[in-house]
Amino acid sequence: MIRVVLPTHLRTLARIDSDVALEVEGEVTQRSVLDALESRYPVLRGTIRDHVTRRRRPFIRFFACEEDLSHESPDAPLPESVASGAEPFLVVGAIAGG
Amino acid sequence: MSKVRVLVGTHKGAFVLTSDGKRKEWQVSGPYFAGWEVYHMKGSPADPDRIYASQSSGWSGQVIQRSSDGGKTWAAPGGGVTTDPSGMPHGESNKFVYDASPQTGKPLTTHQWYDGTQHPWEFKRVWHLEPSLADPDTVYAGVEDAALFRSIDGAHTWRELPGLRGHGTGPKWQPGAGGMCLHTIILDPADPERIFIAISAAGAFRTNDGGKTWQPINRGLKSQYLPNPEAEVGHCVHHISMHRLRPGVLFMQKHWDVMRSDDAGDSWQEVSGNLPTDFGFTIDVHAHEPETLYVVPIKSDAEHYPLDGKLRVYRSRTGGNEWEELTRGLPQRDCYVNVLRDAMAVDALDSCGVYFGTTGGQVYASADAGDNWAPIVRDLPAVLSVEVQTLQ
């Protein structure tokens, strides 16, 4: 299971109390994790990635294993510890004021 | 016994204020969508318990929320409902995609940027939601960058009315300080095919065929920040209001200047008259007196607060030109808040109630058409919009 941690505003929107545990088919990448997340919680579509371009929204960042993965290819494999569920995949709102 | 429900959108959530017809004791519920910007909420005239809300954030984009119980509970209409042919569910309620299809004439894709260069249209947020007068499931959305969308399935899915951007003047539209927003939508109660909209900074536009074709209606407006002050488009219209019994008469608060039109926007005349400053954002019309107007003069485009630190509403009982200041119950010293374009509304009780919210978080109400004012709440986040429902 992949563990995903969402920012507070998105947890509220999706009515999620805690981390999300997801089954991801095939290779574990940003794209496959976010596809699975949006499939489970359709209200999140457009809030992390643009509706049309499917690119990460500018003020959203992706962290894992103390690394910033925001600028990695969405199809690059995520670290093994994320794929195994040992470490979470963090969706973070950029610090840009209140 | 009549009741009043005031819908307040703020920088950090939404609030619902309710009272009986006396409008003395108020209940405050919220915040809803806490931490998100709520640019606008509005109830359906056909079903007052159906309320739509625009929830947005710079981080996570646009969400449309809908209530079917008068604002007690909310849901995003598209959440988990639709499924595409591959079986993938879609939350479509938040999806605003500009129409660039050949079938609709490939509407223009660039507008003027602050520096005069052309800039692509980019969706940012919904500024205003206008439910249909007859159908609770039909609602219009005015968005930034400026365009008009419509949903006919209760905000589940949205389609642009592309004739507005496609009519030809788009490359001359430009953003104001708040962005290039379509902020005003007025549905003509006497003619379902006629709609008025306004854009900062493009001006006012009208359709007579339900949104298929549009024409600018800015003749008579003068804006000194334009190379040609009387240009067909480019004017920073801040808000327009109309009395439901006289849909051909429009009142406008422009960036500077208060204007009126007696021919459905074909021409405009200035009616600023004796206002101490004619800059401002909001304007509204008394519920029962079509010639009684309200504005909140703001010092200038550089100083977005009341003149002399005194918060004053100005009322005209003559359709403009002659204005009286209304101050009773409003702060008359050290007040430096703003009142934004969608932050004033009126109720329809026999003694017309007038309401407005400030960027300081106060929502003021007058139960006697503006003679006396009192705050309903004092310490909300900055108020972006105020709408009122009069309930039986």
# chains A, B, ... in the order shown; residues from 1 in each chain; ligands from 1
$ residues_around --residues "A:Val92" --least-positions-apart "2" --cutoff "8 Å" --atoms "only C-alpha atoms" --output "PyMOL selection string"
chain A and resi 6-7+60-63+90+94
$ write_last_selection --atoms "N, CA and C atoms" --output "JSON list (two decimals), in the first residue's frame"
[["chain", "number", "residue", "atom", "x", "y", "z"],
["A", 6, "LEU", "N", -1.86, 14.39, 2.63],
["A", 6, "LEU", "CA", -2.40, 15.57, 1.95],
["A", 6, "LEU", "C", -2.37, 16.78, 2.87],
["A", 7, "PRO", "N", -2.32, 18.00, 2.29],
["A", 7, "PRO", "CA", -2.43, 19.19, 3.13],
["A", 7, "PRO", "C", -3.83, 19.29, 3.74],
["A", 60, "ILE", "N", 1.84, 23.67, -5.46],
["A", 60, "ILE", "CA", 1.82, 22.34, -4.85],
["A", 60, "ILE", "C", 3.20, 21.71, -5.03],
["A", 61, "ARG", "N", 3.68, 21.06, -3.98],
["A", 61, "ARG", "CA", 4.99, 20.40, -4.05],
["A", 61, "ARG", "C", 4.82, 18.94, -3.66],
["A", 62, "PHE", "N", 5.75, 18.11, -4.14],
["A", 62, "PHE", "CA", 5.75, 16.69, -3.79],
["A", 62, "PHE", "C", 7.06, 16.36, -3.08],
["A", 63, "PHE", "N", 6.97, 15.85, -1.86],
["A", 63, "PHE", "CA", 8.15, 15.46, -1.10],
["A", 63, "PHE", "C", 8.05, 13.97, -0.75],
["A", 90, "LEU", "N", 4.32, 12.82, 0.15],
["A", 90, "LEU", "CA", 3.75, 14.03, 0.75],
["A", 90, "LEU", "C", 3.31, 15.01, -0.34],
["A", 94, "ALA", "N", 2.79, 24.93, -1.03],
["A", 94, "ALA", "CA", 3.99, 25.75, -0.89],
["A", 94, "ALA", "C", 3.76, 26.84, 0.16]]
$ select_by_dssp --residues "chain A" --states "alpha helix (DSSP H)" --output "count of residues only"
22
$ interface_residues --of "chain A" --to "chain B" --cutoff "12 Å" --atoms "only C-alpha atoms" --output "number ranges by chain"
A: 6-15, 35-53, 56-61, 91-98
$ closest_residue --among "B:Pro48, B:Gly13, B:Pro331, B:Pro175" --to "B:Tyr32" --atoms "only C-alpha atoms"
B:Gly13
$ closest_residue --among "A:Ser81, A:Ser70, A:Phe89, A:Asp75" --to "A:Ala21" --atoms "only C-alpha atoms"
A:Phe89
$ atom_distance --atom1 "atom CA of B:Val126" --atom2 "atom CA of B:Gln55"
8.1 Å
$ select_by_dssp --residues "stretch 153-239 of chain B" --states "strand (DSSP E)" --output "NGL selection string"
:B and (159-160 or 181-187 or 195-200 or 203-207 or 215-216 or 237-239)
$ residues_around --residues "stretch 296-306 of chain B" --least-positions-apart "3" --cutoff "8 Å" --atoms "only C-alpha atoms" --output "MDAnalysis selection string"
chainID B and resid 255 275:283 309:314 335:339
$ write_last_selection --atoms "C-alpha atoms" --output "tab-separated table (two decimals), in the first residue's frame"
chain	number	residue	atom	x	y	z
B	255	HIS	CA	-13.68	52.54	-11.45
B	275	LEU	CA	-20.83	62.39	-4.23
B	276	PRO	CA	-17.67	63.33	-2.30
B	277	THR	CA	-15.72	60.90	-4.48
B	278	ASP	CA	-17.15	58.80	-7.27
B	279	PHE	CA	-14.61	55.99	-7.01
B	280	GLY	CA	-16.02	52.84	-5.47
B	281	PHE	CA	-16.81	49.23	-6.03
B	282	THR	CA	-20.36	48.35	-5.11
B	283	ILE	CA	-23.78	49.66	-6.11
B	309	GLY	CA	-11.75	57.65	7.68
B	310	LYS	CA	-15.58	57.86	7.75
B	311	LEU	CA	-17.58	54.89	6.53
B	312	ARG	CA	-20.54	56.36	4.71
B	313	VAL	CA	-23.17	54.86	2.47
B	314	TYR	CA	-24.66	57.30	0.00
B	335	CYS	CA	-12.14	53.62	9.51
B	336	TYR	CA	-9.96	52.38	6.66
B	337	VAL	CA	-11.78	49.34	5.33
B	338	ASN	CA	-12.97	48.72	1.78
B	339	VAL	CA	-16.33	47.49	0.51
$ residues_around --residues "stretch 179-190 of chain B" --least-positions-apart "5" --cutoff "9 Å" --atoms "only C-alpha atoms" --output "VMD selection string"
chain B and resid 125 to 130 132 to 133 140 to 148 173 to 174 195 to 202 204 238 to 242 244 to 248 341 to 342
